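The next block holds one structure in the form of structure tokens; read it before the comments.
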There are 2 protein chains.
Amino acid sequence: MRHLIISLFISTFLSASSFAQHTLTQSLMPMPSSIVTGNGKLAINQQFTFALTGYHEPWLDRARQRFLSQFFRRTGIPLHPDSKDPAKATLLVNVEHGSSTVQSLEDDESYKLEITTEHAAINAPSPLGALHGLQTFLQSIEVGPDGFYVPTASINDHPRFPWRGLLIDVARHFIPLDVMKRNLDGMEAVKMNVLHWHLSDNEGFRVESKRLPKLHEMGSEGLFYTQAEIKDFLEYAHDRGIRVVPEFDIPGHSRSWVVGYPEIASGPGPYHVERTDDSQDPILDPTQEKTYKFLDTFVAEMAHLFPDAYFHIGGDEGDGKQWDANAKIQEYMRAHNIKNNADLQSYFNSRLQKIVEKHGKIMVGWDEVLHPELPKSVVVQSWRGQKSLAAAAKDGYRGILSYGYYLDLMWTAARHYAIDPMSDDAANLTEEEKKRILGGEACMWAEFITPENIDSRIWPRAGVVAERLWSPQNVTDVNFMYSRMNDLSRKLEYLGLTHVSNYSASLKRMSGTDQVVELGVLGEVVEPVKDYTRMDTAPALVNASTPLNRMVDAAEPESEKAREFSLLVDEYVKGGSSDLRSASQIRSQLEQWKSLDPKLEPTLEKSYLMKELRPIAQNLSALAAVGLQALDYLQNGSLPPEGWASNQAGLIKNSQKANADLLLMVVSPIEKLVAATANQQGSTR
Amino acid sequence: MRHLIISLFISTFLSASSFAQHTLTQSLMPMPSSIVTGNGKLAINQQFTFALTGYHEPWLDRARQRFLSQFFRRTGIPLHPDSKDPAKATLLVNVEHGSSTVQSLEDDESYKLEITTEHAAINAPSPLGALHGLQTFLQSIEVGPDGFYVPTASINDHPRFPWRGLLIDVARHFIPLDVMKRNLDGMEAVKMNVLHWHLSDNEGFRVESKRLPKLHEMGSEGLFYTQAEIKDFLEYAHDRGIRVVPEFDIPGHSRSWVVGYPEIASGPGPYHVERTDDSQDPILDPTQEKTYKFLDTFVAEMAHLFPDAYFHIGGDEGDGKQWDANAKIQEYMRAHNIKNNADLQSYFNSRLQKIVEKHGKIMVGWDEVLHPELPKSVVVQSWRGQKSLAAAAKDGYRGILSYGYYLDLMWTAARHYAIDPMSDDAANLTEEEKKRILGGEACMWAEFITPENIDSRIWPRAGVVAERLWSPQNVTDVNFMYSRMNDLSRKLEYLGLTHVSNYSASLKRMSGTDQVVELGVLGEVVEPVKDYTRMDTAPALVNASTPLNRMVDAAEPESEKAREFSLLVDEYVKGGSSDLRSASQIRSQLEQWKSLDPKLEPTLEKSYLMKELRPIAQNLSALAAVGLQALDYLQNGSLPPEGWASNQAGLIKNSQKANADLLLMVVSPIEKLVAATANQQGSTR
């Protein structure tokens, strides 16, 4: 049995060149825990049939319908909706036993998938494994000279961590349920199993409350989900093997709560959720009983609405200013010997935890909730790093990692991919402590997110976080990851995700035309500024009224074009002037960029949304011209005139600066070409 | 007051060159009946507000929500969902009176739209007019150097015909309701007001019947709409000012009916709806009372489900073979003095009409239903031409035209645009007779349609049929139409229609990669074969099991690239060798095509779906090389060698032939270049 080690060897070998033919490992993300690839093919055609055997539950029929529909999108081959003789089925799915009433961390998600030249079989202990196996099968479908096919293989797969989540913030910008649903489809495709739904924050309260109706009535500007809609959505998630953990962030981040219920705030109010002001940063009053009575009513209702065993109360970034300013609260703290705001919040959390527990749920909170007084049942979500995660595990708390997985920071996929929940301090934990690390969550915070661009901020990058949490720890080859991520990205489009198509739609809107080829070339080599730069440097308050219709909102978080160009330059600089193929590709690319600005600039003036791109277009064309000069020197084997390279430093430095909240991503490889002109062996002036 | 004549003058002037700046007329399809354009702009920004005044109905609130959502998609500017002070609203919509309970042909659809630099106002007698006015306003939004804006104008608009329909056949291929809904959004955008829903045919019966459940249970392969879904869909249509006329096609085209109810067929059965055979062509038995009892039950149920006053019973292409072969029917015909099958069908229609009328509906049928015995209330839908429409009108029947509007025939937009319901014989009708011509319907028959490509077959071409039926008869400038249709096409994308995005998704599936630039260039210059050629030349039976995943299923019905190239060549050939700009554009285009085949051919071998494109790629590159030679002769002012032009005839003729069910659309302009080499003035050998 050649196992994963084989495919990793293949990967390293293949990722350096273009792929002549697909083997199964190249098609999969996340990589299975064990795979033996074969040389044969299972033909996929109109005669394809599907059958379910073993333990039967109605949602497996829906999984089958979904499979047929996704199969159709992937191949264009319509399958007969009625099932045929199971014994002769092309794909036979067998499930051994039923699923738990409420999906849990203990559920068995494993499956086996055998693909021969004659047929394929998925065997899974539980329906969850069957869902995962079906997604693996769908990812495996490729097209070849004789038709669609799946390469033969034998897969034995199970997840590394039981908690593989995606947080979606629907408070900063409301995300309609159809958009949420297609993202659940994406999660299913990469075997993520937890949607962490950030349902309330200062900017909005997004759930209908029948018991406390002023929450959604006054705290949402009319943008909320009804309970009927939520029930439908939860069923949609459950069908895809996805738990939904609701988060209601308190005691801070709670402005939307106290618009309707100012009596539970620590300051006098009145509060408003309008978008014109964020100077108010209210925090709930932990010193009065009516706050807890309110929360008891609230948690009772929401614990009933959301069946999952876990209930997230936020608990992060509590700003204690209102506590400091409230004499009654200060008095209470003195009377009860509460030394500081951290202790006051801990007191609040302890009271809240008892309410959450009373209603049958396990409390989850961000890093800051950690306090010796909290019971060990509480689950800690770390946004601070593996260190705090490890510390919690040492103290007996279970935890999930989100540090390093914040998709809104616009990091590269490689940077997210490199973060492992078990690295750093966590690597030194005992086996028992390690078991307390349940997994992690990619986080889509929504300050700069709309229903239009959310898919492009989540996908395909969330796929590499999904792989980090599902696949063996030693699956780390970065080039192979990119190859598979790009493949995944194309396949995710068939689910209706708009992470690719939104780009050209946005360019058309910016320009008011459908002639956007040149604009598209520019947008392909920029990336939005990283971390919190955009928020920190914004000239005005960013809120839900801010139009997010600029290039920075359309451009992909990571420029694949720049990454490929950079690899090409590295290869050329390493290989030297003898590498004619790389040189030719670099030249052709640089020539396109050099000629871009003259073509683009007249059109940029036509729209207020394009004008800000002028300096970037100018820098790109100027840099490309410099790159071409450098390439000439390198190909001729001649040194440039004295001072030529240093003369380019100004342009290079200038081009590294952000413009229009965008970074030009090809500066560094062109800088490398310039630097290489000085390092030539055996050159003559 | 400068009225439409002005805009037509502008149009003719502008359509010959590229448009430097948008005037309102350039943004609109269908063209309003009267428009006076101004020079100012109404700025569209975050301060935009919307208000409704006058008569209020709940669906106007939904129209407002829809407007805000479409406004957001068009601009990226999120508007506050709560309304502001009406007096200060940027866009004020005033409705004078309420709408009729059931939308009817008599409803007033007119509206006035005034746009000044300060604000805009829509005034409409009824909510229907307000809907149309909102769509005109949305179409008018453009982007400029200072932001989004709407050009100032004064519009006074009403439709030419009250029946402006789109037929969608959901029997040959089932179309899910989400796809149907986005097409209703498209219809609303171009002010079409009738969905003719072809709900049954040999291949499937698509509506749940509670009274006769074997219709959908046995006649649909599980692909049908429940009555609850239909009610929701009808409300969706009504919200958009769209009537839904159901068609249940009988007595022919009825195989799906008699699978469950063979007793009403004229042959013995059994029947099946499976996709492997279409040799059965059953027809209902008009000679037995139980057939009418069955239809009475059926019409009673469906007349209740569909509120529209009109009920379409098909009645086309009845194949009388089963009647000829049935001794009992022959006996009945002799006994009742029914001379032939046409008379028998007429007898059936008379009986059916009474049933339809009994249940409160007006019967609509295709051409063939016309028979002196039918009451004048029956509406005739003509697929045969204006002649039969005019004949019906002369006889006192009302009619709608579909001849010339069959979208499945893959005609050019210009060809559809040229068909006018009032032309030919209809032009000579009296005024009273002309009033009987209610309008027309574009028809989307679904033999080669899937949920994936249906949008691209309907849009944007249905927009020109919509214009023909809405706008004044003298709006006929073809180049101006294309300019506005292309603009419409881009705007329709914001409604979620996939007529553009499906193309690249299909290419990616064909190739199994996302590197489809070259394949896209090829696909842009081909068109699917016309009329019924594809069905007539198909090697095997085409049915719902046939994969529709080839280039012919992805390529647009009309090649805009070829149309533009052809215009360019015409301009150059007319202008002669002095037209350097056209020559340069032609050369650059030909060079791209010439170099295409060498790049593309190695990749075509990799997928069974691309292999069939080889001859087209070869022809294109060879033709482009010939075109370049011709251009050289023309630019040099030299005559080609004796016989050169005639030597190209073989290639040209060969390239005109269909390959892979596709036509290469640039043969004719290249042929013109070749021909022009022989016609040079003052050339010397």
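Chain labels A, B, ... are given in the sequence in which chains occur in the structure tokens; within each chain residues are numbered consecutively from 1, and ligands are likewise numbered from 1 in the order shown.
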
Residues of chain B near chain A: apply a cut-off of 6 Å, count only C-alpha atoms, and supply the list as a list in words. Gly76, Ile77, Pro78, Val143, Gly144, Pro145, Asp146, Gly147, Gly512, Ser545, Pro547, Asn549, Lys606, Ser607 and Tyr608 of chain B

Find the residues near Trp470 (chain B): any atom within 7 Å, counting only C-alpha atoms, skip ones fewer than 4 places away on the same chain, and give them as a JSON list (two decimals) with N, CA, C and O atoms, in the first residue's frame.
[["chain", "number", "residue", "atom", "x", "y", "z"],
["B", 30, "PRO", "N", -36.92, 48.83, -23.93],
["B", 30, "PRO", "CA", -37.44, 49.45, -25.15],
["B", 30, "PRO", "C", -37.43, 50.97, -25.09],
["B", 30, "PRO", "O", -37.54, 51.56, -24.02],
["B", 159, "PRO", "N", -47.23, 51.59, -23.84],
["B", 159, "PRO", "CA", -46.91, 50.51, -24.78],
["B", 159, "PRO", "C", -47.72, 50.60, -26.07],
["B", 159, "PRO", "O", -48.85, 51.09, -26.07],
["B", 160, "ARG", "N", -47.13, 50.10, -27.14],
["B", 160, "ARG", "CA", -47.84, 50.02, -28.42],
["B", 160, "ARG", "C", -48.86, 48.89, -28.39],
["B", 160, "ARG", "O", -49.97, 49.03, -28.87],
["B", 161, "PHE", "N", -48.47, 47.73, -27.82],
["B", 161, "PHE", "CA", -49.37, 46.58, -27.74],
["B", 161, "PHE", "C", -49.58, 46.18, -26.27],
["B", 161, "PHE", "O", -48.64, 46.26, -25.48],
["B", 466, "ALA", "N", -39.18, 42.69, -27.25],
["B", 466, "ALA", "CA", -39.90, 43.56, -26.29],
["B", 466, "ALA", "C", -40.00, 44.98, -26.83],
["B", 466, "ALA", "O", -41.05, 45.62, -26.71]]

Interatomic distance between CA of His198 (chain A) and CA of Phe248 (chain A)? 6.7 Å

For Ala87 (chain A), find every residue with an atom within 12 Å (counting only C-alpha atoms), except residues of its own chain fewer than 6 positions away, and show them as a ChimeraX atom specification. /A:49-53,93-94,119-121

Those same residues - all heavy atoms - I'd like them written as a PDB file, in the first residue's frame.
ATOM      1  N   THR A  49     -25.001   5.654 -12.886  1.00  0.00           N
ATOM      2  CA  THR A  49     -26.132   5.491 -11.960  1.00  0.00           C
ATOM      3  C   THR A  49     -25.634   5.586 -10.523  1.00  0.00           C
ATOM      4  O   THR A  49     -24.459   5.379 -10.238  1.00  0.00           O
ATOM      5  CB  THR A  49     -26.857   4.152 -12.148  1.00  0.00           C
ATOM      6  OG1 THR A  49     -25.877   3.100 -12.093  1.00  0.00           O
ATOM      7  CG2 THR A  49     -27.592   4.102 -13.474  1.00  0.00           C
ATOM      8  N   PHE A  50     -26.548   5.879  -9.654  1.00  0.00           N
ATOM      9  CA  PHE A  50     -26.229   6.180  -8.267  1.00  0.00           C
ATOM     10  C   PHE A  50     -27.185   5.375  -7.407  1.00  0.00           C
ATOM     11  O   PHE A  50     -28.375   5.314  -7.698  1.00  0.00           O
ATOM     12  CB  PHE A  50     -26.456   7.674  -8.038  1.00  0.00           C
ATOM     13  CG  PHE A  50     -26.178   8.161  -6.650  1.00  0.00           C
ATOM     14  CD1 PHE A  50     -25.065   8.952  -6.402  1.00  0.00           C
ATOM     15  CD2 PHE A  50     -27.036   7.856  -5.596  1.00  0.00           C
ATOM     16  CE1 PHE A  50     -24.808   9.428  -5.120  1.00  0.00           C
ATOM     17  CE2 PHE A  50     -26.769   8.331  -4.318  1.00  0.00           C
ATOM     18  CZ  PHE A  50     -25.661   9.121  -4.078  1.00  0.00           C
ATOM     19  N   ALA A  51     -26.669   4.770  -6.357  1.00  0.00           N
ATOM     20  CA  ALA A  51     -27.576   4.057  -5.455  1.00  0.00           C
ATOM     21  C   ALA A  51     -27.137   4.210  -4.015  1.00  0.00           C
ATOM     22  O   ALA A  51     -25.951   4.332  -3.718  1.00  0.00           O
ATOM     23  CB  ALA A  51     -27.659   2.583  -5.836  1.00  0.00           C
ATOM     24  N   LEU A  52     -28.119   4.209  -3.145  1.00  0.00           N
ATOM     25  CA  LEU A  52     -27.898   4.285  -1.698  1.00  0.00           C
ATOM     26  C   LEU A  52     -28.312   2.955  -1.092  1.00  0.00           C
ATOM     27  O   LEU A  52     -29.396   2.453  -1.394  1.00  0.00           O
ATOM     28  CB  LEU A  52     -28.810   5.354  -1.105  1.00  0.00           C
ATOM     29  CG  LEU A  52     -28.398   6.817  -1.129  1.00  0.00           C
ATOM     30  CD1 LEU A  52     -29.588   7.674  -0.716  1.00  0.00           C
ATOM     31  CD2 LEU A  52     -27.221   7.046  -0.195  1.00  0.00           C
ATOM     32  N   THR A  53     -27.467   2.398  -0.214  1.00  0.00           N
ATOM     33  CA  THR A  53     -27.893   1.199   0.510  1.00  0.00           C
ATOM     34  C   THR A  53     -27.566   1.368   1.988  1.00  0.00           C
ATOM     35  O   THR A  53     -26.972   2.344   2.404  1.00  0.00           O
ATOM     36  CB  THR A  53     -27.197  -0.069  -0.016  1.00  0.00           C
ATOM     37  OG1 THR A  53     -25.776   0.098   0.156  1.00  0.00           O
ATOM     38  CG2 THR A  53     -27.509  -0.325  -1.459  1.00  0.00           C
ATOM     39  N   VAL A  93     -23.381   4.005  -2.561  1.00  0.00           N
ATOM     40  CA  VAL A  93     -23.094   4.613  -1.259  1.00  0.00           C
ATOM     41  C   VAL A  93     -23.760   3.775  -0.180  1.00  0.00           C
ATOM     42  O   VAL A  93     -24.978   3.569  -0.209  1.00  0.00           O
ATOM     43  CB  VAL A  93     -23.620   6.057  -1.209  1.00  0.00           C
ATOM     44  CG1 VAL A  93     -23.336   6.669   0.163  1.00  0.00           C
ATOM     45  CG2 VAL A  93     -22.982   6.894  -2.305  1.00  0.00           C
ATOM     46  N   ASN A  94     -22.949   3.298   0.736  1.00  0.00           N
ATOM     47  CA  ASN A  94     -23.474   2.469   1.812  1.00  0.00           C
ATOM     48  C   ASN A  94     -23.214   3.141   3.156  1.00  0.00           C
ATOM     49  O   ASN A  94     -22.098   3.529   3.474  1.00  0.00           O
ATOM     50  CB  ASN A  94     -22.803   1.094   1.788  1.00  0.00           C
ATOM     51  CG  ASN A  94     -23.362   0.192   2.876  1.00  0.00           C
ATOM     52  OD1 ASN A  94     -24.561  -0.058   2.930  1.00  0.00           O
ATOM     53  ND2 ASN A  94     -22.480  -0.254   3.773  1.00  0.00           N
ATOM     54  N   HIS A 119     -16.531   0.567 -11.236  1.00  0.00           N
ATOM     55  CA  HIS A 119     -17.498   1.309 -10.434  1.00  0.00           C
ATOM     56  C   HIS A 119     -16.802   1.938  -9.235  1.00  0.00           C
ATOM     57  O   HIS A 119     -15.610   1.728  -9.012  1.00  0.00           O
ATOM     58  CB  HIS A 119     -18.652   0.411  -9.984  1.00  0.00           C
ATOM     59  CG  HIS A 119     -18.254  -0.577  -8.955  1.00  0.00           C
ATOM     60  ND1 HIS A 119     -17.637  -1.764  -9.257  1.00  0.00           N
ATOM     61  CD2 HIS A 119     -18.365  -0.542  -7.603  1.00  0.00           C
ATOM     62  CE1 HIS A 119     -17.397  -2.442  -8.143  1.00  0.00           C
ATOM     63  NE2 HIS A 119     -17.813  -1.717  -7.129  1.00  0.00           N
ATOM     64  N   ALA A 120     -17.599   2.675  -8.464  1.00  0.00           N
ATOM     65  CA  ALA A 120     -17.075   3.327  -7.266  1.00  0.00           C
ATOM     66  C   ALA A 120     -17.990   3.002  -6.097  1.00  0.00           C
ATOM     67  O   ALA A 120     -19.187   2.806  -6.274  1.00  0.00           O
ATOM     68  CB  ALA A 120     -17.008   4.838  -7.467  1.00  0.00           C
ATOM     69  N   ALA A 121     -17.387   2.936  -4.909  1.00  0.00           N
ATOM     70  CA  ALA A 121     -18.183   2.637  -3.723  1.00  0.00           C
ATOM     71  C   ALA A 121     -17.730   3.501  -2.566  1.00  0.00           C
ATOM     72  O   ALA A 121     -16.537   3.626  -2.290  1.00  0.00           O
ATOM     73  CB  ALA A 121     -18.060   1.156  -3.367  1.00  0.00           C
TER      74      ALA A 121
END

Between A:Thr37, A:Gln330, A:Ser350, A:Ser256, single out the one closest to Tyr271 (chain A), counting only C-alpha atoms.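 When distances to Tyr271 (chain A) are compared using only C-alpha atoms, the smallest one comes from A:Ser256.
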
For Asp296 (chain B): contacts at 12 Å, only C-alpha atoms, fewer than 2 positions along chain excluded, given as a PyMOL selection string: chain B and resi 211-212+289-294+298-303+351-359

If I take CA of Arg534 (chain B) and CA of Pro557 (chain B), how far is one from the other in Å, to one decimal?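 Pair CA of Arg534 (chain B) / CA of Pro557 (chain B) returns 13.1 Å.
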
Test item: residues at most 7 Å from Ile400 (chain B), only C-alpha atoms, excluding those fewer than 3 positions along its chain, as a ChimeraX atom specification: /B:380-382,437-440

Between B:Asp425, B:Glu467, B:Asp316, B:Asp395, smallest distance to Val378 (chain B) by only C-alpha atoms belongs to B:Asp395

At a cut-off of 7 Å, can you tabulate as CSV every residue of region 206-314 of chain B near region 365-372 of chain B together with its closest atom pair and the distance in Å to one decimal, using only C-alpha atoms and ordering rows by chain then number?
residue,atom,partner,partner_atom,distance
B:His312,CA,B:Gly365,CA,5.6
B:Ile313,CA,B:Gly365,CA,5.5
B:Gly314,CA,B:Gly365,CA,4.9

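When DSSP is run on the backbone, the residues of region 197-263 of chain B that fall into helix (DSSP H, G or I) are B:Lys214, B:Leu215, B:His216, B:Glu217, B:Met218, B:Gly219, B:Gln227, B:Ala228, B:Glu229, B:Ile230, B:Lys231, B:Asp232, B:Phe233, B:Leu234, B:Glu235, B:Tyr236, B:Ala237, B:His238, B:Asp239, B:Arg255, B:Ser256, B:Trp257, B:Val258, B:Pro262, B:Glu263.
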
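In this structure, CA of Asp324 (chain B) sits 21.5 Å away from CA of His272 (chain B).
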
8 Å contact set for region 523-533 of chain A, only C-alpha atoms, chain neighbours under 4 positions out, as a list in words: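 Near neighbours after the sequence-gap exclusion: Asp408, Leu409, Met410, Trp411, Leu519, Thr537, Met551, Val552, Asp553, Ala555, Glu556, Pro557, Glu558, Ser559, Glu560, Lys561, Ala562, Ala658, Asp661, Leu662, Leu663, Leu664, Met665 and Val666 of chain A.
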
Spatial neighbours of Glu263 (chain B), 12 Å, only C-alpha atoms, chain gap at least 2 places, as a ChimeraX atom specification: /B:257-261,265-271,282-286,288-294

May I ask which of the residues B:Thr90, B:Asn202, B:Asn428, B:Ser27 is the closest one to Gln135 (chain B), counting only C-alpha atoms?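 Result for the nearest residue to Gln135 (chain B): B:Ser27.
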
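Nearest residue to Pro421 (chain B) among B:Leu401, B:Val569, B:Leu234, B:Ala392 is B:Leu401, counting only C-alpha atoms.
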
Give me every strand (DSSP E) residue in region 368-549 of chain B, going by DSSP on the backbone, as a list in words.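 Here are the strand (DSSP E) residues of region 368-549 of chain B: Val379, Val380, Gln381, Ser382, Arg398, Gly399, Ile400, Leu401, Ile437, Leu438, Gly439, Gly440, Glu441, Ala442, Cys443, Met444, Val526, Glu527 and Pro528 of chain B.
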